[in-house]
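A.B. asks: Can you read through this structure? Questions will come right after.
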Amino acid sequence: MPDKLLDIYQKLSAHFGKQNWWPAETQFEVIVGAILTQNTAWRNVEKVIKDLKSSELLTPDGIFRVEDSELTDIIRSAGYYNSKTKKLKAFVRFLYDGYSGSLDLFFDRPKEEIRRELLSLWGIGPETADSILLYAGNKRSFVVDAYTRRIFNRLGVVDENINYDELKKIFEDQIPANLDIYKEFHAVIVMLGKDYCKVRPVCKDCPVREECLWIKKR
DNA sequence: GTCCAGGGCCTAC
DNA sequence: GTAGGCCATGGA
């Protein structure tokens, strides 16, 4: 069944509707959100984004200039505030060092090159790099997260211990080379994960329960 | 009180 | 190269 992934996508898409991810007004807001939401519930990030905006700090220049202690204070409710302060600072320092603080310059290169560079930064791992590439840079780079691995393991598509790059490649090999599908597929995966496919799943009314092997062998 | 959330880094084997 | 510990808040 070569089109299994697309089949799942159609079902999720029909069930959840268009998500128009990532919810952000600027490229930089996507990047900040991607770092702040690492292992953190999005609702805890929303407040911080709002506060950064009202403090007029949600720009490369703003993050570059703000004192570490003030930044830590503002992002506190997103958790891991010490390391996230360092991560945000590391990114804007890199952006100024290499690209005069310009995201347009930064993104105006082949995606493989951008990805390697993002991964070399402290605090940016594969998921954050791919989120930035896809939702801030509009590059086709599929985002894999804990939900993706859990869901497609339960659906019988992959082993639960499959590594990040292998799982990413499976998606990129099988879905159409379409930016909108890349964005929406990951978005509805997260919706499914949040609403149904949690660590302790809520299988009643799950839109893909018919194809879920995990339910059957439970 | 316990578990979990749109990860990633560091250290030990 | 990988398993385990660590980082921390807020909601269920």
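Lettering and numbering for the structure tokens are positional, with chains as A, B, ... in the shown order, residues counted from 1 in each chain, and ligands counted from 1 in the shown order.
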So that I can check the secondary structure, give me every residue of range 23-169 of chain A assigned helix (DSSP H, G or I) by backbone DSSP, as a PyMOL selection string.
C.D. replies: chain A and resi 27-36+42-54+60-65+68-78+81-99+103-107+111-120+126-136+146-154+164-169
A.B. asks: Kindly determine which residues of chain A lie within 6 Å of chain B, considering only C-alpha atoms (C1' of nucleotides), and give the answer as a PyMOL selection string.
C.D. replies: chain A and resi 38-41
A.B. asks: Name the residues in contact with DT9 in chain C at a cut-off of 8 Å, using only C-alpha atoms (C1' of nucleotides), excluding same-chain residues fewer than 3 positions from it; report them as a list of chain:residue names.
C.D. replies: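 Residues near the query, excluding close chain neighbours: A:Asn44, A:Arg76, A:Ser77, A:Ala78, A:Gly79, A:Tyr80.
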A.B. asks: Excluding Thr72 in chain A and any residue of its chain fewer than 3 positions from it, enumerate the residues within 6 Å of it, using only C-alpha atoms (C1' of nucleotides), and give them as a PDB file with C-alpha atoms, in the first residue's frame.
C.D. replies:
ATOM      1  CA  SER A  69      18.113  38.446  32.798  1.00  0.00           C
ATOM      2  CA  ILE A  75      10.023  33.745  28.882  1.00  0.00           C
ATOM      3  CA  ARG A  76       9.796  32.129  32.326  1.00  0.00           C
ATOM      4  CA  TYR A  81      13.982  29.471  30.717  1.00  0.00           C
ATOM      5  CA  THR A  85      17.452  32.292  26.838  1.00  0.00           C
TER       6      THR A  85
END
A.B. asks: Can you tell me how far CA of Thr26 in chain A sits from CA of Ala177 in chain A, in Å to one decimal?
C.D. replies: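 So the two atoms, CA of Thr26 in chain A and CA of Ala177 in chain A, lie 24.0 Å apart.
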A.B. asks: From the options A:Lys111, A:Arg200, A:Arg43, A:Lys84, which residue's atoms come nearest to DG11 in chain C, counting only C-alpha atoms (C1' of nucleotides)?
C.D. replies: A:Arg43
A.B. asks: Nearest to chain C among A:Val45, A:Leu213, A:Ile124, A:Ile151, with distances taken over only C-alpha atoms (C1' of nucleotides): which residue is it?
C.D. replies: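 Using only C-alpha atoms (C1' of nucleotides), chain C sits closest to A:Val45.
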A.B. asks: Using only C-alpha atoms (C1' of nucleotides), select each residue of chain C with any atom at most 12 Å away from an atom of chain A, and give the selection as an MDAnalysis selection string.
C.D. replies: chainID C and resid 2 6:11
A.B. asks: What does the file look like for those residues with C-alpha atoms (C1' of nucleotides), as a tab-separated table (two decimals), in the first residue's frame?
C.D. replies:
chain	number	residue	atom	x	y	z
C	2	DT	C1'	23.02	5.24	22.31
C	6	DC	C1'	18.84	17.03	33.17
C	7	DC	C1'	16.39	21.26	32.19
C	8	DA	C1'	11.14	23.85	34.45
C	9	DT	C1'	6.52	25.77	33.89
C	10	DG	C1'	1.47	25.05	33.87
C	11	DG	C1'	-2.64	22.28	33.02
A.B. asks: If I take CA of Leu58 in chain A and CA of Arg109 in chain A, how far is one from the other in Å, to one decimal?
C.D. replies: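 Spanning CA of Leu58 in chain A to CA of Arg109 in chain A is a straight-line distance of 24.1 Å.
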A.B. asks: Can you pull out every residue within 12 Å of Lys139 in chain A, counting only C-alpha atoms (C1' of nucleotides), but drop anything in the same chain fewer than 2 positions away, and send it as a CSV table (one decimal) with C-alpha atoms, in the first residue's frame?
C.D. replies:
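Written out: around28.csv:
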chain,number,residue,atom,x,y,z
A,107,PHE,CA,17.0,31.8,3.8
A,108,ASP,CA,18.2,32.7,0.3
A,109,ARG,CA,20.3,29.5,-0.1
A,110,PRO,CA,19.7,25.7,-0.7
A,111,LYS,CA,17.7,24.2,2.1
A,112,GLU,CA,20.4,21.5,2.7
A,113,GLU,CA,22.9,24.2,3.4
A,114,ILE,CA,20.5,26.1,5.7
A,115,ARG,CA,19.7,22.9,7.6
A,129,ALA,CA,15.6,23.1,12.3
A,130,ASP,CA,12.9,21.5,10.1
A,131,SER,CA,10.2,23.6,11.7
A,132,ILE,CA,12.2,26.7,10.9
A,133,LEU,CA,12.9,25.6,7.4
A,134,LEU,CA,9.3,24.7,6.6
A,135,TYR,CA,7.3,27.3,8.4
A,136,ALA,CA,9.7,30.3,8.5
A,137,GLY,CA,11.7,29.6,5.3
A,141,SER,CA,11.5,20.0,4.8
A,142,PHE,CA,9.2,17.6,6.7
A,143,VAL,CA,8.9,18.0,10.4
A,177,ALA,CA,6.6,17.7,-3.4
A,178,ASN,CA,4.1,20.3,-2.3
A,179,LEU,CA,4.8,22.9,0.3
A,180,ASP,CA,1.2,23.2,1.5
A,181,ILE,CA,1.0,19.4,2.0
A,182,TYR,CA,4.2,19.5,4.0
A,183,LYS,CA,2.9,22.2,6.3
